[in-house]
Structure formats: structure tokens, C-alpha cells
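Pasted below: structure-v4.cif, mmCIF, C-alpha atoms.
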```cif
data_entry
loop_
_atom_site.label_atom_id
_atom_site.label_comp_id
_atom_site.auth_asym_id
_atom_site.auth_seq_id
_atom_site.Cartn_x
_atom_site.Cartn_y
_atom_site.Cartn_z
CA MET A 1 109.16 97.28 131.75
CA GLU A 2 109.42 93.56 131.25
CA LYS A 3 110.75 92.31 127.99
CA ASP A 4 107.72 90.11 127.31
CA ARG A 5 105.40 93.03 127.71
CA LEU A 6 107.45 95.12 125.30
CA ILE A 7 107.34 92.32 122.76
CA ALA A 8 103.57 92.12 123.16
CA ILE A 9 103.27 95.86 122.54
CA ILE A 10 105.32 95.63 119.36
CA GLU A 11 103.27 92.66 118.23
CA ALA A 12 100.11 94.73 118.68
CA LEU A 13 101.57 97.68 116.78
CA ILE A 14 102.52 95.59 113.79
CA PHE A 15 99.19 93.82 113.79
CA ALA A 16 97.31 97.11 113.81
CA SER A 17 99.27 98.58 110.92
CA ASP A 18 98.06 97.88 107.41
CA ARG A 19 101.42 98.64 105.81
CA PRO A 20 104.85 97.42 106.83
CA LEU A 21 105.52 99.24 110.10
CA LYS A 22 108.79 101.13 110.13
CA THR A 23 111.09 100.63 113.09
CA LYS A 24 111.18 104.38 113.70
CA TYR A 25 107.45 104.35 114.49
CA ILE A 26 107.96 101.53 116.97
CA GLU A 27 110.75 103.59 118.51
CA GLN A 28 108.48 106.62 118.67
CA VAL A 29 105.75 104.71 120.48
CA LEU A 30 108.21 103.22 122.91
CA SER A 31 110.08 106.47 123.46
CA ILE A 32 108.15 107.07 126.70
CA VAL A 33 109.47 103.80 128.09
CA ASP A 34 112.85 103.40 129.70
CA LEU A 35 114.24 100.43 127.81
CA GLY A 36 117.35 100.09 129.92
CA ASP A 37 119.73 97.83 128.08
CA ILE A 38 117.02 96.27 125.92
CA THR A 39 117.30 97.18 122.24
CA ILE A 40 114.51 97.38 119.70
CA ASP A 41 116.53 95.10 117.43
CA GLY A 42 116.69 92.52 120.19
CA LEU A 43 112.93 92.74 120.74
CA MET A 44 112.26 92.37 117.02
CA GLU A 45 114.46 89.33 116.86
CA ALA A 46 112.68 87.77 119.85
CA LEU A 47 109.31 88.40 118.25
CA ARG A 48 110.45 87.06 114.93
CA THR A 49 111.70 83.87 116.55
CA ARG A 50 108.37 83.46 118.27
CA TYR A 51 106.68 83.24 114.87
CA GLY A 52 109.51 81.43 113.17
CA THR A 53 108.21 77.94 113.76
CA ASP A 54 106.20 75.62 111.56
CA SER A 55 103.38 75.61 114.07
CA ALA A 56 102.67 79.27 113.36
CA GLY A 57 100.42 80.21 110.44
CA ILE A 58 101.94 83.62 110.07
CA GLU A 59 105.47 84.89 110.13
CA LEU A 60 107.06 88.22 110.80
CA VAL A 61 108.96 89.60 107.83
CA GLU A 62 111.07 92.69 107.35
CA VAL A 63 110.04 94.32 104.07
CA ALA A 64 110.37 97.78 102.59
CA GLU A 65 112.18 98.95 105.71
CA GLY A 66 109.28 97.92 107.90
CA TRP A 67 107.76 94.96 109.70
CA GLN A 68 104.73 93.00 108.61
CA PHE A 69 102.90 89.80 109.48
CA ARG A 70 102.39 87.56 106.50
CA THR A 71 100.96 84.11 105.99
CA ARG A 72 103.52 81.33 105.76
CA PRO A 73 104.38 80.66 102.12
CA GLN A 74 103.92 76.93 102.69
CA LEU A 75 100.25 77.60 103.42
CA SER A 76 99.55 79.63 100.30
CA ASP A 77 97.40 76.94 98.67
CA TRP A 78 95.13 76.93 101.69
CA VAL A 79 94.81 80.68 101.77
CA LYS A 80 93.93 80.70 98.08
CA ARG A 81 91.11 78.24 98.75
CA LEU A 82 89.48 80.99 100.75
CA ASN A 83 88.81 82.70 97.43
CA ILE A 84 89.02 86.20 98.79
CA VAL A 85 92.43 86.87 97.39
CA LYS A 86 93.22 87.49 93.79
CA PRO A 87 96.44 85.60 93.23
CA ALA A 88 98.93 87.85 91.54
CA LYS A 89 101.31 86.39 89.02
CA LEU A 90 103.84 88.00 86.78
CA SER A 91 104.80 86.64 83.38
CA MET A 92 108.43 85.77 82.79
CA PRO A 93 108.96 88.74 80.42
CA ALA A 94 107.55 90.96 83.17
CA VAL A 95 109.90 89.57 85.81
CA GLU A 96 112.78 89.82 83.35
CA THR A 97 112.01 93.49 82.71
CA LEU A 98 111.52 94.10 86.40
CA SER A 99 114.93 92.68 87.21
CA ILE A 100 116.54 94.92 84.60
CA VAL A 101 114.85 97.95 86.16
CA ALA A 102 115.78 96.80 89.65
CA TYR A 103 119.46 96.38 88.89
CA ARG A 104 119.92 99.15 86.36
CA GLN A 105 117.74 101.90 87.74
CA PRO A 106 117.32 104.63 86.65
CA VAL A 107 116.90 103.03 83.25
CA THR A 108 115.24 104.09 79.99
CA HIS A 109 112.83 102.16 77.81
CA ALA A 110 115.50 101.93 75.08
CA GLU A 111 118.07 100.50 77.49
CA ILE A 112 115.62 97.81 78.60
CA ASP A 113 114.84 96.95 74.98
CA TYR A 114 118.53 96.67 74.21
CA VAL A 115 119.17 94.19 77.01
CA ARG A 116 116.11 92.08 76.22
CA GLY A 117 116.46 92.31 72.46
CA VAL A 118 112.72 92.92 72.09
CA ASP A 119 110.32 95.81 72.53
CA SER A 120 109.27 96.08 76.17
CA GLY A 121 106.57 98.75 75.86
CA GLY A 122 103.69 96.50 76.85
CA VAL A 123 105.54 94.99 79.77
CA ILE A 124 106.62 98.39 81.08
CA LYS A 125 103.00 99.51 80.98
CA THR A 126 101.94 96.43 82.97
CA LEU A 127 104.62 97.05 85.57
CA LEU A 128 103.65 100.73 85.84
CA ASP A 129 99.99 99.76 86.25
CA ARG A 130 100.88 97.34 89.01
CA ARG A 131 103.03 100.04 90.57
CA LEU A 132 106.09 97.83 90.69
CA ILE A 133 108.02 100.49 88.80
CA LYS A 134 107.61 104.23 88.47
CA ILE A 135 108.92 107.12 86.46
CA VAL A 136 111.81 108.58 88.40
CA GLY A 137 112.81 111.37 86.04
CA LYS A 138 114.12 112.12 82.60
CA LYS A 139 117.50 111.45 81.14
CA GLU A 140 119.68 114.21 79.71
CA LEU A 141 119.63 112.67 76.26
CA PRO A 142 118.05 113.82 73.01
CA GLY A 143 114.30 113.50 73.42
CA ARG A 144 114.66 113.55 77.20
CA PRO A 145 113.50 109.93 77.63
CA LEU A 146 111.78 108.92 80.85
CA VAL A 147 113.72 106.79 83.26
CA TYR A 148 112.21 104.11 85.44
CA GLY A 149 112.96 102.80 88.90
CA THR A 150 111.41 100.36 91.32
CA THR A 151 108.86 101.32 93.96
CA GLN A 152 108.12 100.64 97.59
CA GLU A 153 105.47 98.24 96.29
CA PHE A 154 108.21 96.29 94.52
CA LEU A 155 110.04 95.77 97.82
CA GLU A 156 106.83 94.68 99.49
CA VAL A 157 105.83 92.25 96.76
CA PHE A 158 109.21 90.57 96.65
CA GLY A 159 109.75 90.64 100.40
CA LEU A 160 112.87 92.78 100.26
CA LYS A 161 114.01 94.86 103.20
CA ASP A 162 115.45 97.46 100.84
CA ILE A 163 116.87 97.55 97.36
CA SER A 164 120.32 96.55 98.56
CA ALA A 165 118.82 93.27 99.81
CA LEU A 166 118.76 92.07 96.20
CA PRO A 167 121.57 89.60 95.59
CA SER A 168 124.33 91.16 93.51
CA LEU A 169 124.43 90.30 89.83
CA GLN A 170 127.79 88.69 90.44
CA ASP A 171 126.29 86.25 92.92
CA ILE A 172 123.43 85.50 90.60
CA LYS A 173 125.82 84.66 87.83
CA GLN A 174 127.27 81.98 90.03
CA ILE A 175 123.90 80.71 91.09
CA GLY A 176 122.93 80.62 87.43
CA SER A 177 125.87 78.52 86.40
CA ALA A 178 125.39 76.26 89.41
CA GLU A 179 121.79 75.70 88.32
CA GLU A 180 122.90 74.91 84.82
CA GLU A 181 125.31 72.35 86.12
CA LEU A 182 122.57 70.87 88.23
CA GLU A 183 120.34 70.71 85.17
CA ARG A 184 123.05 68.94 83.28
CA ASP A 185 123.58 66.48 86.13
CA GLN A 186 119.91 65.74 86.26
CA ALA A 187 119.80 65.29 82.52
CA GLU A 188 122.47 62.65 82.83
CA LEU A 189 120.61 60.88 85.58
CA PRO A 190 117.04 60.91 84.34
CA LEU A 191 115.99 58.16 86.72
CA ALA A 192 117.12 59.92 89.86
CA ALA A 193 113.64 61.17 90.62
CA ASN A 194 114.19 61.82 94.28
CA LYS A 195 117.03 64.08 95.08
CA PRO A 196 118.52 63.25 98.46
CA GLY A 197 117.47 65.61 101.19
CA GLU A 198 114.24 66.63 99.48
CA GLY A 199 111.98 65.16 102.08
CA PRO A 200 108.90 66.86 103.46
CA ASP A 201 110.74 67.53 106.69
CA ASP A 202 113.28 70.05 105.65
CA GLU A 203 111.36 73.23 105.14
CA GLU A 204 113.89 75.90 105.89
CA MET B 1 97.43 80.79 53.80
CA GLU B 2 95.09 83.42 55.19
CA GLU B 3 93.89 81.13 57.93
CA ASN B 4 93.76 82.81 61.26
CA TYR B 5 95.71 80.61 63.52
CA ARG B 6 99.09 81.46 64.89
CA VAL B 7 101.49 79.52 67.00
CA LYS B 8 103.26 81.29 69.79
CA LEU B 9 106.51 79.64 70.68
CA GLU B 10 106.54 80.49 74.34
CA ILE B 11 110.02 79.22 74.84
CA PHE B 12 111.66 82.14 73.08
CA GLU B 13 111.15 85.52 74.63
CA GLY B 14 113.12 87.10 71.82
CA PRO B 15 116.04 86.70 69.45
CA LEU B 16 118.65 86.78 72.23
CA ASP B 17 116.80 84.01 74.00
CA LEU B 18 116.78 81.95 70.82
CA LEU B 19 120.52 82.50 70.38
CA LEU B 20 121.23 81.46 73.95
CA PHE B 21 119.11 78.38 73.43
CA LEU B 22 121.06 77.46 70.28
CA ILE B 23 124.38 78.00 72.02
CA LYS B 24 123.35 75.86 74.96
CA ARG B 25 121.76 73.13 72.89
CA ASN B 26 124.81 72.78 70.68
CA GLU B 27 127.14 73.08 73.68
CA LEU B 28 128.97 75.99 72.15
CA ASP B 29 131.36 78.31 73.94
CA ILE B 30 129.70 81.67 74.34
CA TYR B 31 133.13 83.35 74.35
CA ASP B 32 134.03 81.78 71.03
CA ILE B 33 130.84 81.48 69.03
CA PRO B 34 131.26 79.73 65.68
CA ILE B 35 129.43 82.47 63.87
CA SER B 36 128.91 80.69 60.59
CA PHE B 37 127.35 77.68 62.31
CA ILE B 38 125.16 79.69 64.64
CA THR B 39 123.93 81.93 61.82
CA GLU B 40 122.90 78.90 59.84
CA GLN B 41 121.07 77.41 62.83
CA TYR B 42 119.41 80.69 63.63
CA LEU B 43 118.14 81.08 60.08
CA VAL B 44 116.85 77.50 60.09
CA TYR B 45 114.82 78.35 63.18
CA LEU B 46 113.50 81.54 61.67
CA GLY B 47 112.50 79.55 58.61
CA MET B 48 110.73 77.02 60.79
CA MET B 49 108.89 79.74 62.62
CA GLN B 50 107.78 81.21 59.33
CA VAL B 51 106.53 77.84 58.10
CA LEU B 52 104.58 77.49 61.35
CA ASN B 53 103.07 80.88 60.63
CA VAL B 54 104.48 82.29 63.83
CA GLU B 55 104.32 86.03 63.87
CA LEU B 56 107.93 87.08 63.82
CA ALA B 57 108.85 90.17 65.74
CA SER B 58 111.02 92.43 63.62
CA GLU B 59 113.71 92.14 66.28
CA PHE B 60 114.36 88.56 65.14
CA LEU B 61 115.30 89.89 61.73
CA VAL B 62 117.51 92.61 63.19
CA ILE B 63 119.58 89.98 64.96
CA ALA B 64 119.65 87.85 61.80
CA ALA B 65 121.09 90.83 59.96
CA THR B 66 123.60 91.39 62.76
CA LEU B 67 124.73 87.77 62.53
CA LEU B 68 125.18 88.01 58.78
CA GLU B 69 127.12 91.23 59.15
CA ILE B 70 129.48 89.68 61.71
CA LYS B 71 129.92 86.67 59.48
CA ALA B 72 130.84 88.92 56.56
CA ARG B 73 133.28 90.93 58.65
CA MET B 74 135.01 87.78 59.81
CA LEU B 75 135.53 86.67 56.24
CA ILE B 76 137.34 89.87 55.32
CA PRO B 77 141.02 89.48 56.07
CA THR B 78 142.20 92.07 58.57
CA LEU B 79 144.95 94.39 57.47
CA VAL B 80 145.91 95.28 61.00
CA GLU B 81 149.37 93.92 61.65
CA LYS B 82 149.05 93.17 65.29
CA GLU B 83 146.15 90.80 65.47
CA ASP B 84 145.42 91.66 69.09
CA GLU B 85 144.40 95.14 68.14
CA ALA B 86 141.75 94.07 65.71
CA GLU B 87 138.52 93.92 67.66
CA ASP B 88 136.68 90.66 67.40
CA PRO B 89 133.48 91.46 65.46
CA ARG B 90 131.64 89.03 67.73
CA LEU B 91 132.50 90.91 70.89
CA GLU B 92 129.43 93.13 71.05
CA LEU B 93 127.08 90.22 70.47
CA THR B 94 128.84 88.10 73.08
CA ASN B 95 128.56 90.89 75.61
CA ARG B 96 124.89 91.35 74.86
CA LEU B 97 124.24 87.65 75.27
CA LEU B 98 126.13 87.51 78.55
CA GLU B 99 124.26 90.53 79.80
CA TYR B 100 120.93 89.08 78.77
CA GLN B 101 121.76 85.78 80.41
CA ARG B 102 122.70 87.57 83.61
CA PHE B 103 119.34 89.31 83.79
CA LYS B 104 117.52 86.17 82.81
CA ASN B 105 119.10 84.45 85.81
CA ALA B 106 118.30 87.47 87.97
CA ALA B 107 114.67 87.15 86.87
CA ILE B 108 114.58 83.46 87.75
CA GLN B 109 116.03 84.31 91.14
CA LEU B 110 113.52 87.12 91.68
CA ASN B 111 110.64 84.92 90.64
CA SER B 112 111.67 82.24 93.11
CA ARG B 113 111.20 84.59 96.06
CA ASP B 114 108.06 84.35 98.14
CA MET B 115 105.87 86.80 96.30
CA LEU B 116 103.16 88.78 98.04
CA TYR B 117 99.68 87.69 96.90
CA ARG B 118 101.16 84.64 95.22
CA ASP B 119 102.94 82.79 98.00
CA THR B 120 102.23 84.90 101.01
CA PHE B 121 99.42 87.21 102.05
CA THR B 122 98.89 90.08 104.40
CA ARG B 123 95.99 90.72 106.66
CA GLY B 124 92.72 92.23 105.48
CA ILE B 125 92.83 92.30 101.73
CA HIS B 126 89.72 93.89 100.36
CA GLU B 127 88.77 95.15 96.97
CA ASP B 128 88.63 98.84 96.07
CA VAL B 129 86.98 100.47 99.03
CA ASP B 130 86.64 103.92 97.58
CA ALA B 131 85.48 102.80 94.17
CA ASP B 132 81.96 104.12 94.74
CA ALA B 133 83.20 107.46 96.01
CA ALA B 134 84.13 108.41 92.46
CA PRO B 135 81.65 110.55 90.51
CA PRO B 136 79.91 109.07 87.45
CA ASN B 137 82.04 108.76 84.38
CA ILE B 138 81.77 111.21 81.58
CA ASP B 139 84.76 111.11 79.34
CA ALA B 140 86.68 114.31 79.00
CA ASP B 141 89.48 114.70 76.53
CA VAL B 142 92.64 116.68 76.18
CA TYR B 143 90.67 119.71 74.97
CA ASP B 144 88.64 119.85 78.15
CA LEU B 145 91.89 119.76 80.00
CA LEU B 146 93.16 122.66 77.92
CA VAL B 147 90.01 124.66 78.63
CA ALA B 148 90.56 124.09 82.32
CA PHE B 149 94.16 125.12 81.79
CA LYS B 150 93.06 128.36 80.16
CA SER B 151 90.65 129.22 82.97
CA LEU B 152 93.44 128.70 85.46
CA MET B 153 95.75 130.88 83.39
CA ASP B 154 93.10 133.58 83.34
CA ARG B 155 92.78 133.41 87.08
CA ALA B 156 96.53 133.59 87.46
CA ARG B 157 96.68 136.62 85.16
CA GLY B 158 96.11 139.08 87.99
CA GLU B 159 99.42 138.26 89.54
CA LYS B 160 101.89 141.11 89.84
CA ILE B 161 105.11 140.71 88.02
CA ALA B 162 108.00 140.46 90.34
CA TYR B 163 111.21 138.64 89.70
CA MET B 164 112.44 136.38 92.36
CA ALA B 165 114.07 133.06 92.85
CA VAL B 166 111.61 130.41 91.78
CA GLU B 167 111.64 127.02 93.30
CA ARG B 168 111.70 124.84 90.25
CA ILE B 169 109.77 121.65 90.32
CA SER B 170 110.45 119.15 87.59
CA VAL B 171 107.71 117.46 85.63
CA ALA B 172 108.93 114.10 86.88
CA GLN B 173 108.62 115.28 90.46
CA ARG B 174 105.14 116.57 89.75
CA ILE B 175 104.19 113.24 88.16
CA ASN B 176 105.22 111.48 91.33
CA ASP B 177 103.29 113.95 93.50
CA ILE B 178 100.18 113.43 91.45
CA MET B 179 100.48 109.64 91.41
CA GLU B 180 101.02 109.67 95.14
CA ARG B 181 97.92 111.76 95.77
CA ILE B 182 95.81 109.71 93.41
CA GLY B 183 97.23 106.54 94.87
CA ILE B 184 95.81 107.59 98.24
CA ALA B 185 92.57 109.26 97.20
CA LYS B 186 91.84 107.17 94.05
CA SER B 187 90.39 110.28 92.42
CA VAL B 188 91.42 113.90 92.55
CA ALA B 189 89.86 117.06 91.16
CA PHE B 190 92.18 118.73 88.72
CA ASP B 191 92.22 122.16 90.34
CA THR B 192 92.97 120.81 93.80
CA LEU B 193 96.29 119.54 92.50
CA LEU B 194 97.72 123.03 92.52
CA PRO B 195 99.22 124.62 95.60
CA ARG B 196 97.22 127.45 97.12
CA ASP B 197 99.34 130.29 95.73
CA TYR B 198 100.08 128.79 92.39
CA THR B 199 102.12 130.47 89.72
CA ARG B 200 102.06 130.04 85.99
CA MET B 201 105.03 127.76 86.36
CA ASP B 202 103.05 125.52 88.71
CA ILE B 203 100.19 125.33 86.23
CA VAL B 204 102.45 124.57 83.29
CA ILE B 205 104.32 121.85 85.16
CA THR B 206 101.08 120.33 86.42
CA ILE B 207 99.52 120.30 82.96
CA LEU B 208 102.63 118.77 81.45
CA ALA B 209 102.69 116.12 84.15
CA ILE B 210 99.02 115.24 83.60
CA LEU B 211 99.36 115.14 79.82
CA GLU B 212 102.32 112.82 80.20
CA LEU B 213 100.37 110.56 82.57
CA LEU B 214 97.40 110.50 80.19
CA ARG B 215 99.69 109.66 77.32
CA LEU B 216 101.13 106.77 79.29
CA ARG B 217 97.56 105.74 80.14
CA MET B 218 98.29 105.79 83.82
CA LEU B 219 95.46 108.23 84.44
CA ARG B 220 91.97 108.67 83.16
CA CYS B 221 90.19 112.01 83.26
CA ASP B 222 86.47 112.68 83.42
CA GLN B 223 84.22 115.69 83.65
CA ARG B 224 80.76 115.46 85.13
CA GLU B 225 79.20 118.45 83.42
CA PRO B 226 80.28 121.15 80.97
CA PHE B 227 82.66 123.56 82.72
CA GLY B 228 82.47 121.41 85.83
CA PRO B 229 85.53 120.23 87.69
CA ILE B 230 87.75 117.73 85.94
CA TRP B 231 88.45 114.55 87.85
CA LEU B 232 91.52 112.43 87.48
CA TYR B 233 91.50 108.72 88.24
CA MET B 234 93.99 105.99 88.43
CA GLN B 235 93.77 103.98 85.21
CA GLU B 236 92.47 100.52 86.15
#
```
Once more with this new file: its structure as C-alpha cells, please.
Amino acid sequence: MEKDRLIAIIEALIFASDRPLKTKYIEQVLSIVDLGDITIDGLMEALRTRYGTDSAGIELVEVAEGWQFRTRPQLSDWVKRLNIVKPAKLSMPAVETLSIVAYRQPVTHAEIDYVRGVDSGGVIKTLLDRRLIKIVGKKELPGRPLVYGTTQEFLEVFGLKDISALPSLQDIKQIGSAEEELERDQAELPLAANKPGEGPDDEE
Amino acid sequence: MEENYRVKLEIFEGPLDLLLFLIKRNELDIYDIPISFITEQYLVYLGMMQVLNVELASEFLVIAATLLEIKARMLIPTLVEKEDEAEDPRLELTNRLLEYQRFKNAAIQLNSRDMLYRDTFTRGIHEDVDADAAPPNIDADVYDLLVAFKSLMDRARGEKIAYMAVERISVAQRINDIMERIGIAKSVAFDTLLPRDYTRMDIVITILAILELLRLRMLRCDQREPFGPIWLYMQE
């Protein structure tokens, strides 16, 4: 079968799926076709490139070990004007707690509190309600405290292919200090309003 | 001073955040915190927050006490001969601050990603489709659940006693099963949660799982009529 036709089939499959479509399902559907030397990965890449331009309103993303069409982030304000979507925001304490769970899972309530230095009960409840974290078991400690981990939903919301797609804490540390330096530089140059290279033309 | 207005200083998520702020603002070295100075600054801020009638979380006071304790320990001359072996009393606090800072940065990083339903959207978002499929709400409580538990136990009583290897399911596993089922169906009748040939163990584990979920307010349970089936819902 021609490559273009295969790409069209995959495009249709992803469009028809209401959750991120796992590659194995695409493979299953295409198992009756002799692909020759064409690989699924190659087809996915071709399809992704097709949507990877500014002229497209949607893009193809790999999240939670599956493929999904999503609106381009640059267009989010327009989509929100449609008023059919409830914009979802997370407070900074919630994101902070979520990152502790993400990097430390399985983690107990007490461990989260220790890192944050404040009680996180309310935030944990919010994250459980929004299904960004879940109870993954109990710890062999006195009182058998519950331990929490992140969910599939978490990967979907943050556009992560899998949990290992999170940058390592080591990398973040460097990014963090780089940002601080940047902050300091900007503080010294309060009049430098326009950073070079921050034109409207250099999205991605 | 019984007036009912409170100021929430959004900038400080907690005592560690305040400490980090003080360290940064005074351009101090986090690996060599001048404990006397920082304690003084910290207490000044706490005092200010009290004057502003800010509700102080008790955790702020815990850290204040920790700071004072470290300060006191540093004033006591060490009797250990080799100075290297004496642990720096500030070490634990420094490590906590570094750790907190690391996660704070991780959170900033996470928050800067394109978030679903904030920056990017998927196709066909619609509000709760099955919401009207749920039966009318009559609140049932833990006792109704226990009555249902007893009737299940009675039904299970007829089982013959035979000893065999039991596949043990953990409560946590059961919790996940239940949440998964309710996540799909939105509401589930209590007695359909059990496998067809359930044992006492199954019942006990299921009850424990549900009680835990109710305690965490992740589920709500209703009963339409006395002795009727008990329905479990996802807590909105």
C-alpha cells in the first residue's frame, strides 16, 4: 500500500479515538497490511510533520503512550472564546505538590508535608479529585499510610509521553539556577524591555 | 481586634518559602546560612504577619523553633576534638531548603508545559453525559453500608469450609478497581462490585476499600429506598 494512504488511515484512527491512541492499536489495525520496509514510527513522524506547521490549527502529540490531536497552544485564547471549554488551572501549591508526587512516587502524605513545610491535605484532596494522582498502595510503616502516585490523566494533562519524559531533577536544578541568573540580569537592566530574539516570528 | 478581615500573603507558600525568600533577598549563601541573622529576619517577618492579622499556620512557628534551636546549638562550644566530625547543626535545614527549592523549580517547569484544557484542547469536550443516568439522591451513611455488608455476609454463610490457596487482593488494589469502574460508569451498585463467586475475604476487602474511599471523600453513597441497592458515585 502507498505510504500516503497508510498515513491517511492512521490519521483517521487517531481522529476517531477519544483518548490518546496507543501505537499497538494502530499496529493491530494495520496488521493485515504488508508494510514492506515502511515502519509505523516513520509513518507517525510523517503525519506529525504534516501537522507541525503554523498553518495548522491542530497538532499531533504523543501523550500517555498514545497519539492525540490537540489544538495548537498558540490558539488557546481563541478556543476559550468559544466558551464550551472550562479552562482548567492549577494553583501553585497544587503544581508544587504534584511535582513532588511525580518525582517521588510512591510518596506518603507526611513525606509531601515534610518537603513543602506545610500541611498538604487540602491540595492532595484536590489532586485526587482531579484524578491527577491516585492511591497506589500502603507503606509498611506504623499506621500503614497511603502512598500516592501520578495517573494516566497526569500524563495527558501535562502532555507527557510517559513518566520518564519528565526532565530529571538534576536538569531542573540547572534550569532553575539559569533562570535565577536571568532574573538577576534583568533586574540589573530594568530598561531592557525587549529581549533580543523575542519577536512574534519565532514560535518554536 | 476582632474585626473579620485577614490578609493572605500569597507570596509565601509556607515557612520554607519564606526562608528561601529571605536568603535570596539578602543574597546569603544557602550552604553557609548566618543563622543568627536569618532567625532575626524570620522573626521580624512573623511579627509583621501577626501585626497584619495574617493567620499564621502553625508550621511557621515550628520552623521558628527549629531556627532558635540551631542558633542555640551553634552557641554551645563543641567538645569534639576533630571539628570535621561535629555535624553542622544547620545541615538538616540546608538540605530541606535545597530539596524544597528543587521541587519548587520542578513545579515552575511543570507549570510551563502546555497544559490540557488550559493551553491546548482535545476534540469533543462535553459535560457529564451520564449525569442523568444516576438514580435520585437519598443519602445513605456508613450504617446502611454495614447493613448491606451484613446481608452479604449472611448470603456468603452457606459456603462450605475448605482450605485452599487464596488469591489475596490488597485493599489498595481494590480501591483502584473500584475507582476504575466508577470512573467509567459514573455510578455503580454496591453489590455488583463483588465478583460472582465472592468469598468473605472479597467482601471484607471491598468494604474496607469503600470505607476508605468514603473517608477520603472520593466517593459518595446513596440508597434509593430502605433495603434497596446502595449506589456509589464519584464525589464531584
(request) Return the neighbours of chain A among the residues of chain B, cut-off 9 Å, counting all atoms listed in the file, as number ranges by chain. (result) B: 13-17, 57-60, 63, 96-97, 99-111, 113-126, 170-173, 175-176, 216-218, 234-236
Selection to disk with C-alpha atoms, as a short mmCIF file (atom, residue, chain, number, x, y, z; two decimals), in the coordinates of the input:
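Saved the output as result_31.cif:
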```cif
data_model
loop_
_atom_site.label_atom_id
_atom_site.label_comp_id
_atom_site.auth_asym_id
_atom_site.auth_seq_id
_atom_site.Cartn_x
_atom_site.Cartn_y
_atom_site.Cartn_z
CA GLU B 13 111.15 85.52 74.63
CA GLY B 14 113.12 87.10 71.82
CA PRO B 15 116.04 86.70 69.45
CA LEU B 16 118.65 86.78 72.23
CA ASP B 17 116.80 84.01 74.00
CA ALA B 57 108.85 90.17 65.74
CA SER B 58 111.02 92.43 63.62
CA GLU B 59 113.71 92.14 66.28
CA PHE B 60 114.36 88.56 65.14
CA ILE B 63 119.58 89.98 64.96
CA ARG B 96 124.89 91.35 74.86
CA LEU B 97 124.24 87.65 75.27
CA GLU B 99 124.26 90.53 79.80
CA TYR B 100 120.93 89.08 78.77
CA GLN B 101 121.76 85.78 80.41
CA ARG B 102 122.70 87.57 83.61
CA PHE B 103 119.34 89.31 83.79
CA LYS B 104 117.52 86.17 82.81
CA ASN B 105 119.10 84.45 85.81
CA ALA B 106 118.30 87.47 87.97
CA ALA B 107 114.67 87.15 86.87
CA ILE B 108 114.58 83.46 87.75
CA GLN B 109 116.03 84.31 91.14
CA LEU B 110 113.52 87.12 91.68
CA ASN B 111 110.64 84.92 90.64
CA ARG B 113 111.20 84.59 96.06
CA ASP B 114 108.06 84.35 98.14
CA MET B 115 105.87 86.80 96.30
CA LEU B 116 103.16 88.78 98.04
CA TYR B 117 99.68 87.69 96.90
CA ARG B 118 101.16 84.64 95.22
CA ASP B 119 102.94 82.79 98.00
CA THR B 120 102.23 84.90 101.01
CA PHE B 121 99.42 87.21 102.05
CA THR B 122 98.89 90.08 104.40
CA ARG B 123 95.99 90.72 106.66
CA GLY B 124 92.72 92.23 105.48
CA ILE B 125 92.83 92.30 101.73
CA HIS B 126 89.72 93.89 100.36
CA SER B 170 110.45 119.15 87.59
CA VAL B 171 107.71 117.46 85.63
CA ALA B 172 108.93 114.10 86.88
CA GLN B 173 108.62 115.28 90.46
CA ILE B 175 104.19 113.24 88.16
CA ASN B 176 105.22 111.48 91.33
CA LEU B 216 101.13 106.77 79.29
CA ARG B 217 97.56 105.74 80.14
CA MET B 218 98.29 105.79 83.82
CA MET B 234 93.99 105.99 88.43
CA GLN B 235 93.77 103.98 85.21
CA GLU B 236 92.47 100.52 86.15
#
```
| request: Run the PyMOL selection byres ((chain A and resi 30) around 12) on the file and write out the hits as JSON, numbers by chain. | output: {"A": [1, 5, 6, 7, 9, 10, 13, 23, 24, 25, 26, 27, 28, 29, 31, 32, 33, 34, 35, 36, 38, 39, 40, 43]}
Would you compute the distance between CA of Leu194 (chain B) and CA of Glu225 (chain B)? Give it in Å to one decimal.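 Value for the CA of Leu194 (chain B)-CA of Glu225 (chain B) distance: 21.1 Å.
Distance-wise, CA of Arg174 (chain B) and CA of Gly228 (chain B) end up 23.5 Å apart.
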CA of Val51 (chain B) and CA of Phe21 (chain B) are how many Å apart?
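Answer for the CA of Val51 (chain B) to CA of Phe21 (chain B) separation: 19.8 Å.
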I need the residue set behind the PyMOL selection byres ((chain B and resi 203) around 12) for this file; please write it as a count of residues only. 35
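Residues matching the PyMOL selection byres ((chain A and resi 107) around 6) in this structure come to Arg104, Gln105, Pro106, Thr108, Val147 and Tyr148 of chain A.
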Q.
Please determine, counting all atoms listed in the file, which residue among B:Glu87, B:Pro229, B:Met179, B:Ala185 has the shortest atom-to-atom distance to Leu213 (chain B).
A.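 Among B:Glu87, B:Pro229, B:Met179, B:Ala185, it is B:Met179 that comes nearest to Leu213 (chain B).
Comparing A:Lys139, A:Glu65, A:Asp162, A:Asp4 by their smallest distance to Arg50 (chain A), the closest is A:Asp4 (using all atoms listed in the file).
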Please give the centre and size of the box around region 206-211 of chain B (axis-aligned, containing every atom listed in the file, 5 Å added per side), with values in Å to one decimal and written as JSON.
```
{"center_x": 100.9, "center_y": 117.7, "center_z": 83.1, "size_x": 13.7, "size_y": 15.2, "size_z": 16.6}
```
Could you tell me, as a ChimeraX atom specification, which residues have any atom at most 6 Å from (119.0, 79.3, 67.9), counting all atoms listed in the file? /B:18-19,21-22,41-42
Neighbours of region 28-39 of chain B within 8 Å (only C-alpha atoms; same-chain residues fewer than 5 positions away dropped), as a PyMOL selection string? chain B and resi 19+22-23+64+67-68+70-71+90+94
Between A:Lys3, A:Val61, A:Trp78, A:Ala12, smallest distance to Gly42 (chain A) by only C-alpha atoms belongs to A:Lys3
